[in-house]
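Let me begin by presenting the structure, written as structure tokens, before commenting on it.
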Amino acid sequence: MTQLKAFRFQLKTKPKHELLMSRFAGCCRFVWNKALALQKERLDKGEPCLSYNKLAGHLKQWKHEEQTAFLREAPSQILQQSLKFLDKAIADAFDKKSPKGFPRFKKKGTSDSFRYPQGFRVDQNNSRVFLPKIGWIRYRKSRSLTGELKNITVSRSSGKWYISIQTEAEAGSPVHPSASMVGIDLGVAKFAKLSDGEEILPLNSFRKQEKKLAHLQRKMTKKVKFSQNWKKLKAKVQRLHQKIAHVRHDFLHKHSTAISKNHAIVAVEDLEVSHMSKSASGTRDNPGRNIRAKSALNKSILDQGWGEFRRQLEYKLAWRGGMLLAVPPAYSSQKCPRCGHAHPDNRKTQELFRCQQCGLTINADYNAALNILAAGHAVLACGEIGSQNYSVKQEPAEASLEAAGIPRL
């Protein structure tokens with residue numbers, strides 16, 4: 001099995017380095033916007049989009065034009081990479097199976113980055129990296145690189161520059177040391193409830209900093225736009241957003257790593273987070289209901305990072321020889337794990353599940369985790385996950401009920 005890993009480090013830049021990197025990021029942004037405008041113009045006329053090869057030909061012309069001669073200062077590879085990224089983004093937008101949003105124009109100061117596919121060098125002994133047309137730059141080494149170097153991406157975040165080095169390594173066919181299977185119910189009041197009884201409380205990194213963020217944003221609106229005081233407050237807002245994101249990612253990485261180490265197969269609900277967090281404001285003719293409550297719920301859902309948690313679980317389990325199962329979320333909170341009776345009245349409160357047929361009374365989140373585990377066993381039994389065989393110690397719901405001290409019928 002081939003493993004792709006990314007190692008991110010902060011650069012120890014000097015003013016001359018930052019000036020060049022800002023110029024290169026600006027050139028990549030200019031090429032992206034110019035090529036995107038050209039593609040949109042062709043679409044408006046009913047013409048097909050240009051391929052990457054034809055866009056690369058336009059790039060060669062732009063370099064020789066007087067108004068865009070500054071593009072010759074930047075390495076050709078990073079400009080070509082911008083065109084490749086745009087070509088892929090447009091292809092993803094027209095993908096019939098899973099279409100994504102059409103690419104947008106980039107703004108200065110937002111997602112400033114560029115990528116070197118080759119020509120760079122890394123000196124791990126001296127903690128430095130060589131970037132074409134920039135030179136050697138030292139970085140804060142927190143861990144050693146493993147695998148073959150594939151590419152390097154330079155990006156700016158909150159006024160600091162970072163490098164992300166992608167490596168590739170062959171890991172063979174790993175065998176997971178554990179033989180257990182677990183179901184996970186994700187929520188807002190409790191971040192996760194596992195079918196083995198473990199409970200993970202939410203971090204709510206955004207909620208903890210929400211008042212401070214709102215205070216800074218209100219102060220920012222009172223300053224003259226693009227003035228020095230406005231720029232200082234903008235930098236503070238960016239740093240606070242970065243802190244919120246870093247705290248959330250640290251939380252998700254720690255728990256996803258622990259779960260992937262302890263369990264060979266993990267079953268989670270196949271949640272459509274984008275649909276769950278849609279606005280309830282509606283339209284002028286058909287206004288929504290409970291808009292403030294739904295807005296607060298949406299904010300809490302997005303604060304949990306369910307999609308990122310699932311992504312981390314998937315690749316970490318694969319690296320260790322395990323597997324992630326995504327099961328349908330329908331009736332997971334209303335179905336009884338003992339008798340199978342499903343009804344909305346089974347869960348009248350957020351915390352308590354009480355079956356109206358057999359009388360089983362347990363924690364509602366734990367009940368959902370048991371149902372998700374049973375659905376994962378059903379997916380394995382139906383052979384919907386490929387030809388690879390997995391041996392697990394537990395049987396569907398019955399073993400989990402016995403472990404929880406719930407007698408059978």
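Labeling convention for the structure tokens: chains A, B, ... as they appear, residues from 1 per chain, ligands from 1 in order of appearance.
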Contacts of segment 164-170 of chain A at 6 Å (only C-alpha atoms; same-chain gap of 5+ positions) as a list in words: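 My list of contacting residues is Met1, Thr2, Gln3, Leu4, Lys5, Ala6, Phe7, Arg8, Gly147, Glu148, Leu149, Lys150, Asn151, Ile152 and Thr153 of chain A.
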Same residues, N, CA and C atoms, output as a tab-separated table (two decimals), in the first residue's frame:
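Output (part-v2.tsv):
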```
chain	number	residue	atom	x	y	z
A	1	MET	N	0.85	-1.19	0.00
A	1	MET	CA	0.00	0.00	0.00
A	1	MET	C	0.89	1.25	0.00
A	2	THR	N	0.52	2.21	-0.82
A	2	THR	CA	1.26	3.46	-0.90
A	2	THR	C	0.68	4.47	0.08
A	3	GLN	N	1.52	5.05	0.89
A	3	GLN	CA	1.10	6.05	1.86
A	3	GLN	C	1.60	7.43	1.44
A	4	LEU	N	0.68	8.37	1.35
A	4	LEU	CA	1.02	9.76	1.09
A	4	LEU	C	0.90	10.53	2.40
A	5	LYS	N	1.96	11.20	2.79
A	5	LYS	CA	1.96	11.97	4.03
A	5	LYS	C	2.39	13.40	3.75
A	6	ALA	N	1.89	14.31	4.56
A	6	ALA	CA	2.26	15.72	4.46
A	6	ALA	C	2.89	16.17	5.77
A	7	PHE	N	4.04	16.82	5.68
A	7	PHE	CA	4.76	17.33	6.84
A	7	PHE	C	4.77	18.86	6.74
A	8	ARG	N	4.18	19.51	7.73
A	8	ARG	CA	4.05	20.97	7.68
A	8	ARG	C	4.97	21.61	8.73
A	147	GLY	N	9.96	8.77	3.69
A	147	GLY	CA	9.46	8.51	2.35
A	147	GLY	C	10.14	9.37	1.30
A	148	GLU	N	9.71	9.17	0.07
A	148	GLU	CA	10.26	9.91	-1.07
A	148	GLU	C	9.56	11.26	-1.21
A	149	LEU	N	10.34	12.32	-1.38
A	149	LEU	CA	9.77	13.66	-1.52
A	149	LEU	C	9.07	13.79	-2.87
A	150	LYS	N	7.82	14.30	-2.84
A	150	LYS	CA	7.03	14.43	-4.07
A	150	LYS	C	6.87	15.89	-4.50
A	151	ASN	N	6.47	16.74	-3.60
A	151	ASN	CA	6.29	18.16	-3.92
A	151	ASN	C	6.32	18.96	-2.63
A	152	ILE	N	6.37	20.27	-2.77
A	152	ILE	CA	6.40	21.15	-1.60
A	152	ILE	C	5.51	22.36	-1.88
A	153	THR	N	4.68	22.69	-0.92
A	153	THR	CA	3.75	23.81	-1.04
A	153	THR	C	4.11	24.88	-0.01
```
Using DSSP on the backbone coordinates, identify the residues of segment 82-291 of chain A assigned to strand (DSSP E); present them as a PyMOL selection string. chain A and resi 113-116+121-123+128-131+135-139+148-157+160-170+181-186+192-194+199-200+265-269
Residues within 9 Å of segment 317-330 of chain A, please, as JSON, numbers by chain. Count only C-alpha atoms; anything in the same chain fewer than 2 positions from it doesn't count. {"A": [1, 3, 171, 173, 174, 175, 176, 177, 178, 257, 259, 260, 261, 263, 264, 265, 266, 267, 268, 269, 270, 271, 310, 312, 313, 314, 315, 332, 333, 334, 372, 375, 376, 379, 380, 385, 390]}
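Neighbouring residues of Ile291 of chain A at 10 Å or closer, counting only C-alpha atoms and skipping chain neighbours under 5 positions away, are Ser279, Ala280, Ser281, Gly282, Ala296 and Leu297 of chain A.
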In segment 41-237 of chain A, DSSP alpha helix (DSSP H) residues written as JSON, numbers by chain: {"A": [41, 42, 43, 44, 52, 53, 54, 55, 56, 57, 58, 59, 60, 61, 62, 63, 64, 76, 77, 78, 79, 80, 81, 82, 83, 84, 85, 86, 87, 88, 89, 90, 91, 92, 93, 205, 206, 207, 208, 209, 210, 211, 212, 213, 214, 215, 216, 217, 218, 219, 220, 221, 228, 229, 230, 231, 232, 233, 234, 235, 236, 237]}
May I ask which of the residues A:Leu373, A:Leu186, A:Leu216, A:Leu131 is the closest one to Val273 of chain A, counting only C-alpha atoms? A:Leu186
Coordinates-based distance that separates atom CA of Asn125 of chain A from atom CA of Lys141 of chain A (Å, one decimal): 9.7 Å
Lys84 of chain A environment, 8 Å, only C-alpha atoms, sequence neighbours closer than 4 positions dropped, as a list in words: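 Returned residues: Tyr52, Gln80 and Lys88 of chain A.
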Hey, what's within 12 Å of Val31 of chain A if we count only C-alpha atoms and toss same-chain stuff fewer than 2 positions away? As a count of residues only, please? 38
Closest of A:Leu352, A:Met21, A:Ile244, A:Ala293 to Gly305 of chain A - atom-to-atom distances counting only C-alpha atoms: A:Ile244
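For the set A:Gly197, A:Tyr116, A:His275, A:Arg284, the residue with the smallest atom-to-atom gap to Asn367 of chain A is A:Gly197, counting only C-alpha atoms.
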Who sits within 8 Å of Cys49 of chain A, only C-alpha atoms, same chain under 6 positions skipped, as an mmCIF file with all heavy atoms, in the first residue's frame:
```cif
data_model
loop_
_atom_site.group_PDB
_atom_site.id
_atom_site.type_symbol
_atom_site.label_atom_id
_atom_site.label_comp_id
_atom_site.auth_asym_id
_atom_site.auth_seq_id
_atom_site.Cartn_x
_atom_site.Cartn_y
_atom_site.Cartn_z
ATOM 1 N N GLN A 39 -11.807 31.235 -19.164
ATOM 2 C CA GLN A 39 -12.701 30.074 -19.219
ATOM 3 C C GLN A 39 -14.167 30.486 -19.071
ATOM 4 O O GLN A 39 -15.049 29.950 -19.768
ATOM 5 C CB GLN A 39 -12.331 29.078 -18.105
ATOM 6 C CG GLN A 39 -10.928 28.510 -18.193
ATOM 7 C CD GLN A 39 -10.771 27.458 -19.283
ATOM 8 O OE1 GLN A 39 -11.258 27.628 -20.403
ATOM 9 N NE2 GLN A 39 -10.083 26.375 -18.959
ATOM 10 N N ARG A 42 -15.473 31.913 -22.315
ATOM 11 C CA ARG A 42 -15.785 30.882 -23.299
ATOM 12 C C ARG A 42 -17.095 30.176 -22.956
ATOM 13 O O ARG A 42 -17.900 29.866 -23.841
ATOM 14 C CB ARG A 42 -14.635 29.869 -23.364
ATOM 15 C CG ARG A 42 -13.346 30.431 -23.948
ATOM 16 C CD ARG A 42 -12.271 29.351 -24.004
ATOM 17 N NE ARG A 42 -12.660 28.252 -24.858
ATOM 18 C CZ ARG A 42 -12.469 28.203 -26.168
ATOM 19 N NH1 ARG A 42 -11.884 29.227 -26.794
ATOM 20 N NH2 ARG A 42 -12.848 27.153 -26.876
ATOM 21 N N LEU A 43 -17.327 29.929 -21.673
ATOM 22 C CA LEU A 43 -18.579 29.276 -21.272
ATOM 23 C C LEU A 43 -19.780 30.166 -21.573
ATOM 24 O O LEU A 43 -20.844 29.673 -21.970
ATOM 25 C CB LEU A 43 -18.523 28.926 -19.788
ATOM 26 C CG LEU A 43 -17.576 27.782 -19.391
ATOM 27 C CD1 LEU A 43 -17.522 27.644 -17.875
ATOM 28 C CD2 LEU A 43 -18.015 26.463 -20.014
#
```
Counting only C-alpha atoms, which residue out of A:Ser142, A:Gln242, A:Gln350, A:Asn363 sits closest to Pro337 of chain A? A:Asn363
Which value, in Å to one decimal, gives the distance between atom CA of Gln304 of chain A and atom CA of Phe251 of chain A?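 Rounded to one decimal, the two atoms are 9.9 Å apart.
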Between atom CA of Leu233 of chain A and atom CA of Lys219 of chain A, distance in Å (one decimal):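 So the two atoms, atom CA of Leu233 of chain A and atom CA of Lys219 of chain A, lie 7.7 Å apart.
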Pick out the closest residue to Trp161 of chain A from this set: A:Phe94, A:Trp136, A:Tyr331, A:Phe9. Count only C-alpha atoms.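 Once distances to Trp161 of chain A are computed over only C-alpha atoms, the minimum belongs to A:Phe9.
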